[in-house]
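target-v4.cif follows; it contains mmCIF, C-alpha atoms.
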```
data_model
#
loop_
_atom_site.label_atom_id
_atom_site.label_comp_id
_atom_site.auth_asym_id
_atom_site.auth_seq_id
_atom_site.Cartn_x
_atom_site.Cartn_y
_atom_site.Cartn_z
CA MET A 15 -116.68 70.29 46.11
CA ILE A 16 -115.55 66.65 45.91
CA GLN A 17 -118.88 65.53 47.38
CA ASN A 18 -120.82 67.51 44.74
CA ILE A 19 -118.75 65.95 41.94
CA SER A 20 -119.26 62.47 43.40
CA GLY A 21 -123.00 63.06 43.61
CA LYS A 22 -123.14 64.16 39.99
CA ILE A 23 -121.13 61.13 38.87
CA ILE A 24 -123.47 58.78 40.76
CA GLY A 25 -126.50 60.50 39.23
CA ILE A 26 -125.06 60.21 35.73
CA CYS A 27 -124.28 56.52 36.30
CA LEU A 28 -127.82 55.87 37.50
CA LEU A 29 -129.29 57.61 34.47
CA CYS A 30 -127.00 55.64 32.17
CA GLY A 31 -128.04 52.41 33.87
CA ILE A 32 -131.73 53.23 33.47
CA TYR A 33 -131.20 54.20 29.82
CA MET A 34 -129.29 50.99 29.07
CA SER A 35 -132.01 48.92 30.80
CA VAL A 36 -134.78 50.57 28.77
CA SER A 37 -132.77 50.20 25.57
CA ALA A 38 -132.15 46.51 26.26
CA GLN A 39 -135.85 45.94 26.97
CA GLU A 40 -136.84 47.70 23.74
CA ALA A 41 -134.30 45.63 21.81
CA ASP A 42 -135.63 42.37 23.29
CA LEU A 43 -139.22 43.37 22.55
CA LYS A 44 -138.31 44.29 18.99
CA ALA A 45 -136.59 40.94 18.55
CA ALA A 46 -139.66 39.12 19.90
CA GLU A 47 -141.98 41.04 17.58
CA THR A 48 -139.72 40.29 14.62
CA ALA A 49 -139.66 36.59 15.49
CA TYR A 50 -143.46 36.53 15.73
CA ALA A 51 -143.88 38.38 12.42
CA SER A 52 -141.47 35.88 10.81
CA GLU A 53 -143.60 33.00 12.21
CA HIS A 54 -140.77 31.83 14.45
CA TYR A 55 -143.21 31.42 17.31
CA ASP A 56 -141.01 29.28 19.57
CA ARG A 57 -138.31 31.94 19.42
CA ALA A 58 -140.91 34.65 20.11
CA ILE A 59 -142.09 32.71 23.18
CA GLU A 60 -138.54 32.43 24.45
CA LEU A 61 -137.95 36.16 24.03
CA TYR A 62 -141.26 37.27 25.56
CA GLU A 63 -140.71 34.97 28.55
CA SER A 64 -137.24 36.46 28.99
CA VAL A 65 -138.62 40.02 28.93
CA LEU A 66 -141.28 39.10 31.51
CA LYS A 67 -138.65 37.58 33.78
CA SER A 68 -136.16 40.43 33.42
CA TYR A 69 -138.33 43.55 33.27
CA GLY A 70 -141.67 42.71 34.89
CA ASP A 71 -145.14 42.06 33.54
CA SER A 72 -147.60 44.07 31.47
CA TYR A 73 -150.81 43.23 29.68
CA GLU A 74 -149.12 43.70 26.28
CA LEU A 75 -146.46 41.12 27.10
CA TYR A 76 -148.99 38.58 28.34
CA TYR A 77 -151.20 39.20 25.31
CA ASN A 78 -148.36 38.78 22.81
CA LEU A 79 -147.07 35.73 24.68
CA GLY A 80 -150.57 34.25 24.59
CA ASN A 81 -150.75 34.83 20.84
CA SER A 82 -147.39 33.11 20.36
CA TYR A 83 -148.46 30.09 22.39
CA TYR A 84 -151.75 29.93 20.49
CA LYS A 85 -149.87 29.80 17.19
CA THR A 86 -147.86 26.81 18.43
CA GLY A 87 -151.01 24.97 19.54
CA LYS A 88 -150.25 25.25 23.27
CA ILE A 89 -153.78 26.24 24.22
CA ALA A 90 -153.40 25.98 28.01
CA HIS A 91 -150.38 28.32 27.94
CA ALA A 92 -152.26 30.72 25.65
CA ILE A 93 -155.32 30.81 27.93
CA LEU A 94 -153.13 31.33 31.01
CA ASN A 95 -151.45 34.38 29.48
CA TYR A 96 -154.68 35.84 28.11
CA GLU A 97 -156.22 35.52 31.59
CA ARG A 98 -153.20 37.23 33.15
CA ALA A 99 -153.47 40.04 30.58
CA LEU A 100 -157.16 40.50 31.46
CA LEU A 101 -156.35 40.86 35.16
CA ILE A 102 -154.25 43.90 34.28
CA LYS A 103 -156.53 45.32 31.57
CA PRO A 104 -160.01 43.79 31.94
CA GLY A 105 -161.65 46.14 29.43
CA ASP A 106 -159.53 45.12 26.43
CA GLY A 107 -161.74 43.67 23.69
CA ASP A 108 -158.89 42.03 21.73
CA ILE A 109 -157.74 40.05 24.76
CA ARG A 110 -161.29 38.86 25.49
CA PHE A 111 -161.87 37.88 21.87
CA ASN A 112 -158.66 35.84 21.64
CA LEU A 113 -159.38 34.24 25.02
CA GLU A 114 -162.81 33.11 23.83
CA MET A 115 -161.27 31.73 20.64
CA ALA A 116 -158.80 29.69 22.70
CA LYS A 117 -161.52 28.49 25.09
CA GLN A 118 -163.41 26.96 22.19
CA GLN A 119 -160.70 24.28 22.09
CA THR A 120 -161.19 23.28 25.73
CA ASP A 121 -163.99 21.76 27.83
CA LYS A 122 -167.34 23.47 27.31
CA ILE A 123 -168.39 24.64 30.78
CA GLU A 124 -171.63 26.61 31.01
CA PRO A 125 -171.42 29.20 33.81
CA LEU A 126 -174.21 29.43 36.35
CA GLN A 127 -176.78 32.12 35.70
CA GLU A 128 -176.44 34.99 38.13
CA PHE A 129 -178.60 37.94 39.14
CA PHE A 130 -178.61 40.52 36.33
CA LEU A 131 -177.53 43.36 38.64
CA LYS A 132 -174.44 41.37 39.64
CA SER A 133 -173.60 40.77 35.97
CA TRP A 134 -174.14 44.45 35.18
CA PHE A 135 -171.97 45.48 38.14
CA ARG A 136 -169.12 43.24 36.98
CA SER A 137 -169.40 44.38 33.35
CA VAL A 138 -169.15 48.05 34.39
CA GLN A 139 -166.25 47.25 36.74
CA ASN A 140 -164.34 45.55 33.92
CA LEU A 141 -164.68 48.43 31.47
CA ILE A 142 -161.32 49.77 32.64
CA GLY A 143 -158.46 48.70 34.92
CA VAL A 144 -157.64 49.37 38.56
CA ASP A 145 -155.34 52.36 37.85
CA SER A 146 -158.00 54.06 35.74
CA TRP A 147 -160.68 53.58 38.41
CA ALA A 148 -158.31 54.93 41.05
CA THR A 149 -157.61 58.00 38.91
CA ILE A 150 -161.32 58.59 38.35
CA GLY A 151 -161.94 58.26 42.08
CA ILE A 152 -159.28 60.84 42.95
CA LEU A 153 -160.41 63.35 40.29
CA CYS A 154 -164.07 63.02 41.26
CA PHE A 155 -163.17 63.45 44.94
CA ILE A 156 -161.38 66.72 44.14
CA LEU A 157 -164.40 67.90 42.14
CA LEU A 158 -166.64 66.84 45.02
CA ILE A 159 -164.68 69.10 47.38
CA CYS A 160 -165.14 71.96 44.90
CA CYS A 161 -168.90 71.30 44.79
CA LEU A 162 -169.06 71.33 48.59
CA VAL A 163 -167.22 74.65 48.68
CA LEU A 164 -169.65 75.98 46.08
CA TYR A 165 -172.65 74.77 48.08
CA PHE A 166 -171.58 76.08 51.46
CA PHE A 167 -169.95 79.36 50.51
CA SER A 168 -171.70 80.56 47.36
CA LYS A 169 -174.10 83.49 47.79
CA TRP A 170 -176.18 82.57 44.73
CA MET A 171 -178.90 79.94 45.07
CA ARG A 172 -178.38 78.65 41.54
CA LEU A 173 -174.71 77.88 42.24
CA LYS A 174 -175.70 76.26 45.53
CA LYS A 175 -178.08 73.94 43.66
CA ILE A 176 -175.41 73.10 41.10
CA GLY A 177 -172.94 72.30 43.88
CA PHE A 178 -175.53 70.21 45.74
CA TYR A 179 -176.75 68.05 42.86
CA TRP A 180 -173.37 67.59 41.22
CA GLY A 181 -171.95 66.81 44.65
CA ILE A 182 -174.39 63.92 45.01
CA VAL A 183 -173.46 62.56 41.57
CA LEU A 184 -169.74 62.86 42.24
CA PHE A 185 -170.11 61.27 45.66
CA ILE A 186 -171.76 58.20 44.08
CA VAL A 187 -169.05 58.01 41.42
CA VAL A 188 -166.31 58.21 44.07
CA ILE A 189 -167.92 55.37 46.04
CA PHE A 190 -168.28 53.08 43.03
CA ALA A 191 -164.83 53.95 41.60
CA ASN A 192 -163.24 52.97 44.91
CA ILE A 193 -165.26 49.74 45.09
CA PHE A 194 -164.29 48.82 41.52
CA ALA A 195 -160.62 49.65 42.12
CA TYR A 196 -160.59 47.68 45.37
CA ASN A 197 -162.21 44.60 43.78
CA GLN A 198 -159.77 44.59 40.88
CA LYS A 199 -156.79 45.05 43.19
CA GLU A 200 -157.98 42.10 45.28
CA GLU A 201 -158.22 39.97 42.15
CA LEU A 202 -154.65 40.91 41.23
CA LEU A 203 -153.23 40.24 44.68
CA ASN A 204 -155.27 37.19 45.72
CA ARG A 205 -155.45 35.16 42.55
CA ASN A 206 -157.75 32.17 42.95
CA GLY A 207 -158.18 31.33 39.28
CA ALA A 208 -156.08 28.57 37.71
CA ILE A 209 -155.70 26.72 34.42
CA VAL A 210 -155.46 22.94 34.06
CA PHE A 211 -152.10 22.02 32.50
CA SER A 212 -152.34 18.23 32.46
CA PRO A 213 -153.86 16.62 29.33
CA THR A 214 -156.53 14.85 31.40
CA VAL A 215 -157.34 15.19 35.10
CA THR A 216 -159.85 13.24 37.17
CA VAL A 217 -161.35 15.46 39.85
CA LYS A 218 -161.73 13.65 43.16
CA GLY A 219 -164.35 13.82 45.89
CA SER A 220 -161.66 14.11 48.59
CA PRO A 221 -157.99 15.27 48.74
CA ASP A 222 -156.60 11.81 48.05
CA ASN A 223 -155.84 9.62 45.05
CA SER A 224 -158.23 7.01 46.45
CA GLY A 225 -161.09 9.53 46.58
CA THR A 226 -164.25 9.07 44.52
CA ASP A 227 -163.95 10.06 40.86
CA LEU A 228 -166.33 12.95 40.21
CA PHE A 229 -165.63 14.26 36.70
CA VAL A 230 -162.83 14.74 34.19
CA LEU A 231 -161.19 17.98 33.08
CA HIS A 232 -158.89 18.55 30.14
CA GLU A 233 -155.96 20.84 29.46
CA GLY A 234 -156.91 24.51 29.28
CA SER A 235 -159.97 24.36 31.56
CA LYS A 236 -160.34 27.18 34.08
CA VAL A 237 -160.99 26.44 37.75
CA PHE A 238 -161.28 28.51 40.92
CA ILE A 239 -159.32 27.49 44.02
CA LYS A 240 -161.47 27.42 47.17
CA ASN A 241 -159.25 25.64 49.66
CA SER A 242 -155.92 23.85 50.01
CA VAL A 243 -154.91 20.70 51.90
CA GLY A 244 -151.35 19.41 51.44
CA ASP A 245 -150.73 18.73 47.76
CA TRP A 246 -154.42 19.14 46.90
CA ASN A 247 -156.65 22.08 46.02
CA GLU A 248 -160.40 22.17 46.36
CA ILE A 249 -161.65 23.71 43.13
CA MET A 250 -164.92 24.97 41.73
CA LEU A 251 -165.93 25.28 38.08
CA GLU A 252 -167.99 28.07 36.55
CA ASP A 253 -170.96 25.67 36.43
CA GLY A 254 -170.79 25.19 40.22
CA ASN A 255 -169.23 21.70 40.28
CA VAL A 256 -166.77 21.23 43.15
CA GLY A 257 -163.99 18.69 43.74
CA TRP A 258 -160.34 18.14 44.58
CA ILE A 259 -157.38 18.28 42.21
CA ASN A 260 -153.64 17.84 42.69
CA LYS A 261 -151.69 21.11 42.73
CA LYS A 262 -149.25 19.85 40.10
CA ASP A 263 -152.05 19.64 37.53
CA ILE A 264 -152.90 23.36 37.55
CA THR A 265 -151.14 26.72 37.23
CA VAL A 266 -152.41 29.76 39.09
CA ILE A 267 -153.35 32.71 36.90
#
```

Could I get this structure in the form of structure tokens?
Amino acid sequence: MIQNISGKIIGICLLCGIYMSVSAQEADLKAAETAYASEHYDRAIELYESVLKSYGDSYELYYNLGNSYYKTGKIAHAILNYERALLIKPGDGDIRFNLEMAKQQTDKIEPLQEFFLKSWFRSVQNLIGVDSWATIGILCFILLICCLVLYFFSKWMRLKKIGFYWGIVLFIVVIFANIFAYNQKEELLNRNGAIVFSPTVTVKGSPDNSGTDLFVLHEGSKVFIKNSVGDWNEIMLEDGNVGWINKKDITVI
């Protein structure tokens, strides 16, 4: 009897703790939104950063934080948060639009042209996020099993054909959904993109301050980390240029 009462008390306390946590998060978010609407952008930044630190990340938080930084003229911070929002929800048009607007105030780097099938593959992959692709993969796999049952056990030829052809389609969808989900999960876990946070950075030909000067990057430019040696990262730009930059000059997305 005493154990049952103790269990109920613990359960009630846990529920109360969860409720209070959610209520506090909602209150902080409301305060941040109010500060942004009132054009108190520095206060909004402070509140959004606090919510991220206390309750975890989400694409909405990164997006709103990026907007707040953009309003204060901190372009590198805005780009960083837009990029982080896109990792979570790559198909969001508003995030992409605002990111492109912010990029217009940084170095103009023309990406290398790539094979059209690769571009098409990436564009389809980025229509939705990793959780959505995983859900599609699971649902299509269940339907695939149903089609196989229909094909092998149905006595009517027409149903067998339906099960066969739809099974092929669903099998292809399952394969691609899993590939897309895997690629996006890898991008989330192994982040190799970074944003330059120093006003001006000279990219070196070797991981040393005495290395040959190759080219100059400015705050807000996006780079991809290829390798790391001590305090230096080997980076590559979207146009294919490669060099070395000090770790303190960039922030990983």

Give me, as an mmCIF file with C-alpha atoms, in the frame of the given file, all polymer residues having an atom no more than 12 Å from Ala51 in chain A, counting all atoms listed in the file and skipping those fewer than 4 positions away in the same chain.
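part.cif was written with the following content:
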```
data_model
loop_
_atom_site.group_PDB
_atom_site.id
_atom_site.type_symbol
_atom_site.label_atom_id
_atom_site.label_comp_id
_atom_site.auth_asym_id
_atom_site.auth_seq_id
_atom_site.Cartn_x
_atom_site.Cartn_y
_atom_site.Cartn_z
ATOM 1 C CA LYS A 44 -138.310 44.290 18.990
ATOM 2 C CA ALA A 45 -136.590 40.940 18.550
ATOM 3 C CA ALA A 46 -139.660 39.120 19.900
ATOM 4 C CA GLU A 47 -141.980 41.040 17.580
ATOM 5 C CA TYR A 55 -143.210 31.420 17.310
ATOM 6 C CA ASP A 56 -141.010 29.280 19.570
ATOM 7 C CA ARG A 57 -138.310 31.940 19.420
ATOM 8 C CA ALA A 58 -140.910 34.650 20.110
ATOM 9 C CA ASN A 78 -148.360 38.780 22.810
ATOM 10 C CA ASN A 81 -150.750 34.830 20.840
ATOM 11 C CA SER A 82 -147.390 33.110 20.360
ATOM 12 C CA LYS A 85 -149.870 29.800 17.190
#
```

*asked:* Running the PyMOL selection byres ((chain A and resi 96) around 7) on this model by hand, what would come out? Give it as number ranges by chain.
replied: A: 76-77, 80, 92-95, 97-100, 109, 113

*Pick the closest to Ile142 in chain A from A:Ile123, A:Met171, A:Leu101, A:Ile89: which is it, counting all atoms listed in the file?*
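Under the stated criterion, the closest residue is A:Leu101.
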
For the interface of range 46-162 of chain A with range 224-233 of chain A (cut-off 7 Å, counting all atoms listed in the file), please tabulate each contacting residue of range 46-162 of chain A alongside its nearest pair of atoms and their separation in Å to one decimal, rows sorted by chain and increasing number, as a tab-separated table.
```
residue	atom	partner	partner_atom	distance
A:Ala90	CA	A:Glu233	CA	5.9
A:Thr120	CA	A:His232	CA	6.9
A:Asp121	CA	A:His232	CA	6.5
```

May I have a table of the residues of range 134-207 of chain A lying at most 8 Å from range 263-266 of chain A, giving each one's closest pair of atoms and their distance in Å to one decimal, counting only C-alpha atoms, ordered by chain and ascending residue number, as a Markdown table?
```
| residue | atom | partner | partner_atom | distance |
| --- | --- | --- | --- | --- |
| A:Arg205 | CA | A:Val266 | CA | 7.1 |
| A:Asn206 | CA | A:Val266 | CA | 7.0 |
| A:Gly207 | CA | A:Val266 | CA | 6.0 |
```

*Excluding same-chain residues fewer than 4 positions from Val65 in chain A, what lies within 7 Å of it counting only C-alpha atoms, as number ranges by chain?*
A: 39, 42, 61, 69

*Apply the PyMOL selection byres ((chain A and resi 257) around 12) to the file shown and report the selected residues as number ranges by chain.*
A: 215-222, 225-231, 237-242, 246-251, 254-256, 258-260

*asked:* Ranking A:Tyr84, A:Ile59, A:Ile152, A:Val138 by minimum distance to Leu184 in chain A and counting all atoms listed in the file, which one comes first?
replied: A:Ile152

_Pick from A:Gly70, A:Gly177, A:Pro125, A:Pro104, whichever lies nearest to Ser146 in chain A using all atoms listed in the file_ = A:Pro104

*Which of A:Leu202, A:Leu66, A:Val243, A:Ala208 sits closest to Gly143 in chain A [using only C-alpha atoms]*: A:Leu202

*Selected residue, from A:Gly234, A:His91, A:Trp134, A:Asn112, that lies nearest to Val210 in chain A when counting only C-alpha atoms*: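 Once distances to Val210 in chain A are computed over only C-alpha atoms, the minimum belongs to A:Gly234.
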
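With CA of Ser168 in chain A on one side and CA of Gly181 in chain A on the other, the separation reads 14.0 Å.
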
*Grab the CA of Val187 in chain A to CA of Leu153 in chain A distance for me, in Å with one decimal place.*
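Interatomic distance here is 10.2 Å.
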
Your completed range 224-235 of chain A with N, CA, C and O atoms, as a PDB file, keeping the file's coordinate frame:
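Final output, part11.pdb:
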```
ATOM      1  N   SER A 224    -157.221   8.057  46.299  1.00  0.00           N
ATOM      2  CA  SER A 224    -158.230   7.010  46.450  1.00  0.00           C
ATOM      3  C   SER A 224    -159.642   7.573  46.571  1.00  0.00           C
ATOM      4  O   SER A 224    -160.599   6.815  46.739  1.00  0.00           O
ATOM      5  N   GLY A 225    -159.779   8.907  46.477  1.00  0.00           N
ATOM      6  CA  GLY A 225    -161.090   9.530  46.580  1.00  0.00           C
ATOM      7  C   GLY A 225    -161.981   9.165  45.405  1.00  0.00           C
ATOM      8  O   GLY A 225    -161.521   8.700  44.351  1.00  0.00           O
ATOM      9  N   THR A 226    -163.267   9.383  45.565  1.00  0.00           N
ATOM     10  CA  THR A 226    -164.250   9.070  44.520  1.00  0.00           C
ATOM     11  C   THR A 226    -164.024   9.933  43.293  1.00  0.00           C
ATOM     12  O   THR A 226    -163.805  11.143  43.399  1.00  0.00           O
ATOM     13  N   ASP A 227    -164.060   9.311  42.107  1.00  0.00           N
ATOM     14  CA  ASP A 227    -163.950  10.060  40.860  1.00  0.00           C
ATOM     15  C   ASP A 227    -165.247  10.825  40.604  1.00  0.00           C
ATOM     16  O   ASP A 227    -166.327  10.229  40.550  1.00  0.00           O
ATOM     17  N   LEU A 228    -165.134  12.137  40.419  1.00  0.00           N
ATOM     18  CA  LEU A 228    -166.330  12.950  40.210  1.00  0.00           C
ATOM     19  C   LEU A 228    -166.548  13.297  38.734  1.00  0.00           C
ATOM     20  O   LEU A 228    -167.602  13.030  38.170  1.00  0.00           O
ATOM     21  N   PHE A 229    -165.540  13.895  38.131  1.00  0.00           N
ATOM     22  CA  PHE A 229    -165.630  14.260  36.700  1.00  0.00           C
ATOM     23  C   PHE A 229    -164.225  14.474  36.164  1.00  0.00           C
ATOM     24  O   PHE A 229    -163.250  14.494  36.925  1.00  0.00           O
ATOM     25  N   VAL A 230    -164.126  14.624  34.857  1.00  0.00           N
ATOM     26  CA  VAL A 230    -162.830  14.740  34.190  1.00  0.00           C
ATOM     27  C   VAL A 230    -162.686  16.130  33.561  1.00  0.00           C
ATOM     28  O   VAL A 230    -163.630  16.651  32.970  1.00  0.00           O
ATOM     29  N   LEU A 231    -161.520  16.711  33.726  1.00  0.00           N
ATOM     30  CA  LEU A 231    -161.190  17.980  33.080  1.00  0.00           C
ATOM     31  C   LEU A 231    -160.021  17.771  32.127  1.00  0.00           C
ATOM     32  O   LEU A 231    -159.202  16.875  32.314  1.00  0.00           O
ATOM     33  N   HIS A 232    -159.963  18.635  31.119  1.00  0.00           N
ATOM     34  CA  HIS A 232    -158.890  18.550  30.140  1.00  0.00           C
ATOM     35  C   HIS A 232    -158.050  19.829  30.142  1.00  0.00           C
ATOM     36  O   HIS A 232    -158.458  20.857  30.687  1.00  0.00           O
ATOM     37  N   GLU A 233    -156.921  19.728  29.513  1.00  0.00           N
ATOM     38  CA  GLU A 233    -155.960  20.840  29.460  1.00  0.00           C
ATOM     39  C   GLU A 233    -156.618  22.119  28.954  1.00  0.00           C
ATOM     40  O   GLU A 233    -157.329  22.113  27.954  1.00  0.00           O
ATOM     41  N   GLY A 234    -156.378  23.211  29.677  1.00  0.00           N
ATOM     42  CA  GLY A 234    -156.910  24.510  29.280  1.00  0.00           C
ATOM     43  C   GLY A 234    -158.152  24.930  30.041  1.00  0.00           C
ATOM     44  O   GLY A 234    -158.562  26.092  29.954  1.00  0.00           O
ATOM     45  N   SER A 235    -158.771  24.017  30.800  1.00  0.00           N
ATOM     46  CA  SER A 235    -159.970  24.360  31.560  1.00  0.00           C
ATOM     47  C   SER A 235    -159.631  25.303  32.711  1.00  0.00           C
ATOM     48  O   SER A 235    -158.585  25.177  33.336  1.00  0.00           O
TER      49      SER A 235
END
```
